[in-house]
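The data block below is query.cif; it holds mmCIF, C-alpha atoms.
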data_query
#
loop_
_atom_site.label_atom_id
_atom_site.label_comp_id
_atom_site.auth_asym_id
_atom_site.auth_seq_id
_atom_site.Cartn_x
_atom_site.Cartn_y
_atom_site.Cartn_z
CA MET A 1195 26.38 -64.90 32.74
CA LYS A 1196 25.80 -65.53 36.45
CA LYS A 1197 26.99 -68.78 37.94
CA ILE A 1198 24.99 -70.88 40.39
CA SER A 1199 26.89 -73.35 42.59
CA ILE A 1200 24.85 -76.27 43.88
CA VAL A 1201 26.17 -78.08 46.96
CA ILE A 1202 24.94 -81.63 47.56
CA PRO A 1203 26.13 -83.73 50.53
CA ALA A 1204 26.08 -87.44 49.68
CA HIS A 1205 26.27 -90.35 52.11
CA ASN A 1206 25.63 -93.74 50.54
CA GLU A 1207 23.74 -92.21 47.60
CA GLU A 1208 25.05 -94.38 44.76
CA GLY A 1209 21.56 -94.78 43.34
CA ASN A 1210 20.71 -91.07 43.48
CA VAL A 1211 23.71 -88.96 42.39
CA ALA A 1212 23.20 -89.59 38.67
CA LEU A 1213 19.46 -88.97 38.96
CA VAL A 1214 19.80 -85.68 40.82
CA HIS A 1215 22.48 -84.54 38.36
CA GLU A 1216 20.20 -85.27 35.41
CA LYS A 1217 17.29 -83.46 37.05
CA ILE A 1218 19.43 -80.37 37.66
CA ARG A 1219 20.73 -80.44 34.07
CA GLN A 1220 17.15 -80.47 32.83
CA VAL A 1221 16.28 -77.51 35.04
CA PHE A 1222 19.21 -75.40 33.82
CA SER A 1223 18.50 -76.25 30.19
CA GLY A 1224 15.60 -73.85 30.60
CA LEU A 1225 17.74 -71.20 32.35
CA SER A 1226 19.90 -70.01 29.48
CA ASP A 1227 21.09 -66.91 31.37
CA TYR A 1228 22.79 -68.94 34.08
CA ASP A 1229 25.81 -71.21 34.23
CA PHE A 1230 25.97 -73.84 36.95
CA GLU A 1231 28.20 -76.31 38.76
CA ILE A 1232 27.32 -79.15 41.09
CA ILE A 1233 29.63 -79.83 44.03
CA PHE A 1234 28.97 -83.27 45.49
CA VAL A 1235 30.48 -83.84 48.93
CA ASN A 1236 31.03 -87.55 49.59
CA ASP A 1237 30.61 -87.80 53.34
CA GLY A 1238 32.40 -91.10 53.97
CA SER A 1239 30.10 -93.28 51.86
CA ARG A 1240 30.58 -97.04 52.13
CA ASP A 1241 28.91 -97.90 48.83
CA GLN A 1242 29.86 -96.98 45.26
CA THR A 1243 28.99 -93.28 45.61
CA GLN A 1244 32.57 -92.13 44.99
CA GLN A 1245 32.92 -94.28 41.91
CA LYS A 1246 29.67 -92.87 40.51
CA LEU A 1247 30.85 -89.32 41.16
CA GLU A 1248 34.16 -89.90 39.43
CA GLU A 1249 32.36 -91.33 36.41
CA LEU A 1250 30.02 -88.34 36.27
CA SER A 1251 32.88 -85.84 36.63
CA GLN A 1252 34.73 -87.42 33.69
CA LYS A 1253 31.65 -87.13 31.53
CA TYR A 1254 30.32 -83.73 32.63
CA ASP A 1255 32.46 -80.64 33.29
CA GLU A 1256 29.93 -79.14 35.70
CA VAL A 1257 30.28 -82.06 38.14
CA LYS A 1258 32.77 -81.48 40.94
CA PHE A 1259 33.33 -83.70 43.95
CA ILE A 1260 34.91 -83.53 47.40
CA GLU A 1261 35.70 -86.80 49.16
CA PHE A 1262 36.01 -86.83 52.96
CA SER A 1263 38.51 -89.06 54.73
CA ARG A 1264 35.60 -90.45 56.80
CA ASN A 1265 32.02 -89.64 57.73
CA PHE A 1266 31.92 -86.20 59.38
CA GLY A 1267 28.18 -85.60 59.18
CA HIS A 1268 25.66 -83.75 57.08
CA GLN A 1269 26.34 -80.23 58.38
CA PRO A 1270 30.14 -80.33 57.88
CA ALA A 1271 29.50 -81.70 54.37
CA VAL A 1272 27.28 -78.73 53.50
CA LYS A 1273 29.86 -76.37 55.02
CA ALA A 1274 32.67 -77.96 52.96
CA GLY A 1275 30.69 -77.45 49.77
CA MET A 1276 30.08 -73.80 50.63
CA ASP A 1277 33.75 -73.30 51.47
CA HIS A 1278 34.61 -74.37 47.91
CA ALA A 1279 31.70 -72.78 46.03
CA TYR A 1280 32.37 -69.43 44.38
CA GLY A 1281 29.27 -68.89 42.26
CA ASN A 1282 27.24 -65.70 42.38
CA ALA A 1283 24.79 -67.71 44.47
CA VAL A 1284 25.02 -71.07 46.23
CA ILE A 1285 22.16 -73.55 46.57
CA SER A 1286 22.42 -76.36 49.12
CA MET A 1287 20.16 -79.37 48.79
CA ASP A 1288 20.06 -83.05 49.69
CA GLY A 1289 21.05 -85.74 47.22
CA ASP A 1290 18.06 -88.04 47.73
CA LEU A 1291 15.69 -85.93 45.57
CA GLN A 1292 13.44 -85.11 48.50
CA HIS A 1293 14.39 -81.53 47.73
CA PRO A 1294 12.86 -81.00 44.25
CA PRO A 1295 15.31 -79.51 41.72
CA GLU A 1296 12.26 -78.07 39.93
CA LEU A 1297 12.15 -75.41 42.67
CA ILE A 1298 15.55 -73.98 41.67
CA PRO A 1299 14.11 -71.41 39.18
CA GLU A 1300 11.84 -70.07 41.93
CA LEU A 1301 14.80 -69.77 44.32
CA ILE A 1302 16.76 -67.86 41.70
CA LYS A 1303 13.78 -65.61 40.98
CA LYS A 1304 13.47 -64.65 44.66
CA TRP A 1305 17.23 -64.01 44.75
CA GLU A 1306 17.05 -61.76 41.70
CA GLU A 1307 14.31 -59.78 43.47
CA GLY A 1308 16.92 -58.69 46.00
CA ASN A 1309 16.85 -61.37 48.69
CA ASP A 1310 20.24 -62.45 50.02
CA ILE A 1311 18.94 -65.73 51.45
CA VAL A 1312 16.01 -67.72 50.12
CA PHE A 1313 15.03 -70.54 52.46
CA THR A 1314 12.43 -73.22 51.93
CA VAL A 1315 9.52 -74.13 54.18
CA ARG A 1316 8.96 -77.87 54.07
CA LYS A 1317 5.45 -79.26 53.89
CA TYR A 1318 5.16 -82.99 54.50
CA PRO A 1319 3.06 -85.14 52.16
CA LYS A 1320 0.19 -87.19 53.56
CA GLU A 1321 2.33 -90.33 53.47
CA ILE A 1322 4.60 -89.01 56.24
CA SER A 1323 3.68 -90.40 59.66
CA MET A 1324 1.95 -88.25 62.25
CA PHE A 1325 4.86 -88.96 64.64
CA LYS A 1326 7.31 -87.36 62.20
CA ARG A 1327 5.08 -84.30 61.76
CA ARG A 1328 4.53 -83.86 65.49
CA THR A 1329 8.19 -84.27 66.47
CA SER A 1330 9.29 -81.85 63.73
CA ASP A 1331 6.80 -79.18 64.83
CA PHE A 1332 7.73 -79.73 68.49
CA PHE A 1333 11.43 -79.28 67.66
CA TYR A 1334 10.92 -75.89 66.03
CA LYS A 1335 8.74 -74.67 68.91
CA ILE A 1336 11.29 -75.71 71.51
CA LEU A 1337 14.20 -74.28 69.50
CA SER A 1338 12.45 -70.92 69.11
CA LYS A 1339 11.67 -70.73 72.83
CA LEU A 1340 15.03 -71.88 74.14
CA SER A 1341 17.39 -70.24 71.65
CA ASP A 1342 18.06 -66.83 70.17
CA VAL A 1343 16.96 -67.80 66.66
CA ASN A 1344 13.45 -68.01 65.31
CA LEU A 1345 13.05 -70.75 62.73
CA THR A 1346 9.81 -70.80 60.77
CA LYS A 1347 7.76 -73.94 61.33
CA GLY A 1348 9.07 -76.33 58.69
CA GLY A 1349 11.71 -73.78 57.72
CA GLY A 1350 14.65 -75.77 59.02
CA SER A 1351 15.37 -77.49 55.74
CA ASP A 1352 18.91 -77.27 54.37
CA PHE A 1353 17.42 -76.58 50.94
CA ARG A 1354 18.22 -72.89 50.47
CA LEU A 1355 19.89 -70.32 48.24
CA MET A 1356 22.48 -67.91 49.59
CA ASP A 1357 24.04 -64.94 47.85
CA ALA A 1358 27.83 -64.96 47.49
CA ASN A 1359 28.14 -62.24 50.16
CA ALA A 1360 26.21 -64.35 52.69
CA VAL A 1361 28.28 -67.42 51.78
CA GLU A 1362 31.47 -65.45 52.39
CA VAL A 1363 30.25 -64.71 55.92
CA MET A 1364 29.39 -68.39 56.42
CA ARG A 1365 32.95 -69.40 55.48
CA ARG A 1366 34.30 -67.47 58.47
CA PHE A 1367 32.43 -69.58 61.01
CA ASN A 1368 34.60 -72.18 62.70
CA GLU A 1369 32.15 -73.61 65.22
CA ASP A 1370 32.65 -77.23 66.17
CA ASP A 1371 28.98 -78.19 66.45
CA LEU A 1372 27.61 -76.75 63.24
CA PHE A 1373 23.93 -75.92 63.03
CA LEU A 1374 23.67 -74.18 59.66
CA ARG A 1375 19.90 -73.73 59.82
CA GLY A 1376 20.25 -71.63 62.93
CA LEU A 1377 23.31 -69.78 61.65
CA THR A 1378 21.47 -68.81 58.48
CA SER A 1379 18.64 -67.32 60.50
CA TRP A 1380 21.03 -65.64 62.96
CA MET A 1381 23.08 -64.00 60.19
CA GLY A 1382 20.29 -61.65 59.19
CA PHE A 1383 20.40 -60.29 55.62
CA LYS A 1384 17.25 -59.92 53.57
CA GLN A 1385 15.48 -63.26 53.54
CA ALA A 1386 12.43 -64.80 51.89
CA GLY A 1387 10.80 -68.21 52.13
CA ILE A 1388 9.23 -70.58 49.62
CA GLU A 1389 6.96 -73.50 50.51
CA PHE A 1390 7.55 -76.91 48.98
CA THR A 1391 6.32 -80.46 49.44
CA ALA A 1392 9.08 -82.96 50.06
CA ASN A 1393 9.39 -85.80 47.58
CA GLU A 1394 9.88 -89.40 48.57
CA ARG A 1395 13.41 -90.78 48.66
CA LEU A 1396 13.96 -92.65 45.40
CA SER A 1397 16.84 -94.90 46.44
CA GLY A 1398 18.55 -95.99 49.62
CA GLN A 1399 17.56 -95.36 53.21
CA SER A 1400 17.79 -92.23 55.30
CA SER A 1401 20.53 -92.31 57.94
CA TYR A 1402 18.61 -89.89 60.15
CA ASN A 1403 17.12 -92.03 62.90
CA LEU A 1404 15.41 -90.83 66.08
CA LYS A 1405 18.67 -90.78 68.05
CA LYS A 1406 20.37 -88.54 65.47
CA MET A 1407 17.36 -86.22 65.34
CA VAL A 1408 17.38 -85.82 69.15
CA THR A 1409 21.14 -85.15 69.10
CA PHE A 1410 20.63 -82.63 66.30
CA ALA A 1411 17.95 -80.90 68.38
CA PHE A 1412 20.28 -80.61 71.38
CA THR A 1413 23.01 -79.25 69.10
CA GLY A 1414 20.69 -76.57 67.76
CA ILE A 1415 19.46 -75.50 71.18
CA THR A 1416 22.86 -75.39 72.90
CA ALA A 1417 24.55 -73.73 69.91
CA PHE A 1418 22.43 -70.59 70.17
CA SER A 1419 21.39 -70.14 73.76
CA VAL A 1420 22.42 -70.50 77.40
CA LYS A 1421 18.78 -70.51 78.51
CA PRO A 1422 18.96 -74.19 79.57
CA LEU A 1423 21.60 -73.17 82.12
CA TYR A 1424 19.29 -70.48 83.49
CA ILE A 1425 16.42 -72.97 83.60
CA ALA A 1426 18.61 -75.37 85.59
CA ALA A 1427 19.46 -72.58 88.05
CA TYR A 1428 15.82 -71.54 88.38
CA LEU A 1429 14.78 -75.15 89.04
CA GLY A 1430 17.45 -75.41 91.72
CA PHE A 1431 16.19 -72.28 93.50
CA LEU A 1432 12.55 -73.33 93.09
CA PHE A 1433 12.88 -76.82 94.54
CA SER A 1434 15.25 -75.68 97.26
CA GLY A 1435 12.70 -73.10 98.33
CA LEU A 1436 9.85 -75.60 98.20
CA SER A 1437 11.82 -78.13 100.22
CA VAL A 1438 12.70 -75.55 102.91
CA VAL A 1439 9.13 -74.32 103.18
CA GLY A 1440 7.40 -77.70 102.87
CA TYR A 1441 9.67 -79.76 105.08
CA GLY A 1442 10.15 -76.88 107.50
CA ILE A 1443 6.43 -76.72 108.15
CA TYR A 1444 6.31 -80.49 108.55
CA VAL A 1445 9.19 -80.50 111.04
CA ILE A 1446 7.70 -77.65 113.08
CA HIS A 1447 4.30 -79.34 113.13
CA SER A 1448 5.87 -82.62 114.26
CA PHE A 1449 7.85 -80.82 116.98
CA ILE A 1450 4.79 -79.02 118.36
CA THR A 1451 2.53 -82.06 118.27
CA GLU A 1452 5.36 -84.35 119.45
CA THR A 1453 4.72 -86.61 116.49
CA GLU A 1454 7.46 -88.99 115.48
CA ILE A 1455 9.12 -88.04 112.19
CA SER A 1456 9.10 -91.26 110.21
CA GLY A 1457 8.57 -92.47 106.68
CA TRP A 1458 11.31 -94.42 105.01
CA ALA A 1459 9.50 -94.51 101.64
CA SER A 1460 8.94 -90.75 101.48
CA LEU A 1461 12.57 -90.16 102.42
CA ILE A 1462 13.84 -92.43 99.65
CA MET A 1463 11.49 -90.84 97.11
CA THR A 1464 12.74 -87.41 98.08
CA ILE A 1465 16.37 -88.46 97.74
CA VAL A 1466 15.73 -90.07 94.36
CA PHE A 1467 13.82 -87.03 93.09
CA PHE A 1468 16.42 -84.46 94.06
CA GLY A 1469 19.23 -86.78 92.99
CA GLY A 1470 17.67 -87.04 89.53
CA LEU A 1471 17.20 -83.27 89.38
CA GLN A 1472 20.85 -82.72 90.24
CA LEU A 1473 21.94 -85.16 87.53
CA ILE A 1474 19.81 -83.30 84.96
CA ILE A 1475 21.37 -79.98 85.95
CA LEU A 1476 24.87 -81.46 85.89
CA GLY A 1477 24.09 -82.98 82.49
CA ILE A 1478 23.10 -79.59 81.07
CA ILE A 1479 26.28 -78.03 82.43
CA GLY A 1480 28.27 -80.97 81.07
CA ILE A 1481 26.89 -80.45 77.55
CA TYR A 1482 28.13 -76.86 77.51
CA LEU A 1483 31.49 -77.83 79.00
CA GLY A 1484 31.82 -80.54 76.35
CA LYS A 1485 31.15 -78.01 73.60
CA ILE A 1486 33.84 -75.72 75.04
CA PHE A 1487 36.25 -78.67 75.30
CA LYS A 1488 35.79 -79.55 71.63
CA GLN A 1489 35.90 -75.94 70.46
CA VAL A 1490 39.17 -74.97 72.17
CA LYS A 1491 41.00 -77.83 70.43
CA GLU A 1492 40.20 -76.10 67.12
CA ARG A 1493 40.08 -79.29 65.09
CA PRO A 1494 38.78 -78.86 61.52
CA ASN A 1495 35.12 -79.59 60.79
CA TYR A 1496 36.17 -81.99 58.06
CA ILE A 1497 39.19 -83.53 56.32
CA ILE A 1498 39.32 -83.74 52.54
CA LYS A 1499 40.83 -86.91 51.13
CA ASN A 1500 40.37 -86.09 47.46
CA LYS A 1501 38.73 -83.57 45.13
CA ASN A 1502 38.74 -82.91 41.40
CA PHE A 1503 38.95 -79.11 41.38
#
Encoded form using structure tokens:
Amino acid sequence: MKKISIVIPAHNEEGNVALVHEKIRQVFSGLSDYDFEIIFVNDGSRDQTQQKLEELSQKYDEVKFIEFSRNFGHQPAVKAGMDHAYGNAVISMDGDLQHPPELIPELIKKWEEGNDIVFTVRKYPKEISMFKRRTSDFFYKILSKLSDVNLTKGGGSDFRLMDANAVEVMRRFNEDDLFLRGLTSWMGFKQAGIEFTANERLSGQSSYNLKKMVTFAFTGITAFSVKPLYIAAYLGFLFSGLSVVGYGIYVIHSFITETEISGWASLIMTIVFFGGLQLIILGIIGIYLGKIFKQVKERPNYIIKNKNF
């Protein structure tokens, strides 16, 4: 009997962990050829999530939990679950039931057909705002153009199945700024996608605000490409050339016509413009230097406070 490990990061999900567990149990009741375990990763929750997990683990043998010493983030939580999952296949999904457990049989079917990684392509319901749709689509376009990975539009969900061989490769990664969606695409292997419509969150509030989404986007882009550095260099050459040509012509014309070179406002605007451009370029360089700084310290992605297996 093949075993399926299901990894679920949980941050303040006290109202959802029991529900998602029950949904998964119902799904596997119809999959008699498969055994399963659920590894909940408590990512520094401040509510009663840990207490709920301990109660579930005492009642159900398939429930495992990992408790972090503090909040390390969604991606390290998924990585921790994978590091401790030794099923024939590992499914990662969120604990708010936006990732429908009813799709698990389809993921397993695609895996049994010979695919090493089965990712999901998220389709937003009509209730989702146009701003969310537009920003999500824009993110994938920018990431594909600026990085060395090509994520399918809507295919950046962390709801996926990975064969044990692919998970073993994932365990070897020790990057500080984890971007598992990009790593999964970069790894290769035989992959297939399944479309799904995201459910509404049943309990609690999402901790992913606009600031975190923008930070996540920068992490994804800088984790897989140095193209922003090249863009910064190209901009420097471009505007330097334009300034030499444009202002050179102006100076020569003023010299020939004996026209006074004046214009305090234009001078200030020029200084502000190029000063801002330099700050942008320095900021891009600083992001990469910061990533190097954090990586060379080789701190762990997460610290486990407690686990029951």
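If you look at CA of Glu1492 (chain A) and CA of His1268 (chain A), they are 19.3 Å away from each other.
Running the PyMOL selection byres ((chain A and resi 1222) around 12) on this file leaves Lys1197, Ile1198, Ser1199, Ile1200, His1215, Glu1216, Lys1217, Ile1218, Arg1219, Gln1220, Val1221, Ser1223, Gly1224, Leu1225, Ser1226, Asp1227, Tyr1228, Asp1229, Phe1230, Glu1231, Ile1232, Glu1256, Pro1295, Glu1296, Leu1297, Ile1298, Pro1299 and Ile1302 of chain A selected.
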What separates CA of Val1312 (chain A) and CA of Leu1377 (chain A) is a distance of 13.8 Å
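Using only C-alpha atoms, the smallest distance between any of A:Trp1305, A:Phe1313, A:Tyr1482, A:Tyr1496 and Lys1273 (chain A) comes from A:Tyr1496.
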Using the chain letters and numbers from the file, which residues does the PyMOL selection byres ((chain A and resi 1378) around 10) grab, as a list in words? Ile1311, Phe1313, Val1343, Leu1345, Gly1350, Asp1352, Arg1354, Met1356, Ala1360, Val1361, Met1364, Phe1373, Leu1374, Arg1375, Gly1376, Leu1377, Ser1379, Trp1380, Met1381, Gly1382, Phe1383 and Gln1385 of chain A
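Near Glu1362 (chain A), within 12 Å and counting all atoms listed in the file, sit Lys1273, Met1276, Asp1277, His1278, Ala1279, Tyr1280, Gly1281, Asn1282, Ala1283, Val1284, Asp1310, Met1356, Asp1357, Ala1358, Asn1359, Ala1360, Met1364, Arg1365, Arg1366, Phe1367 and Met1381 of chain A; same-chain residues fewer than 2 positions away were not included.
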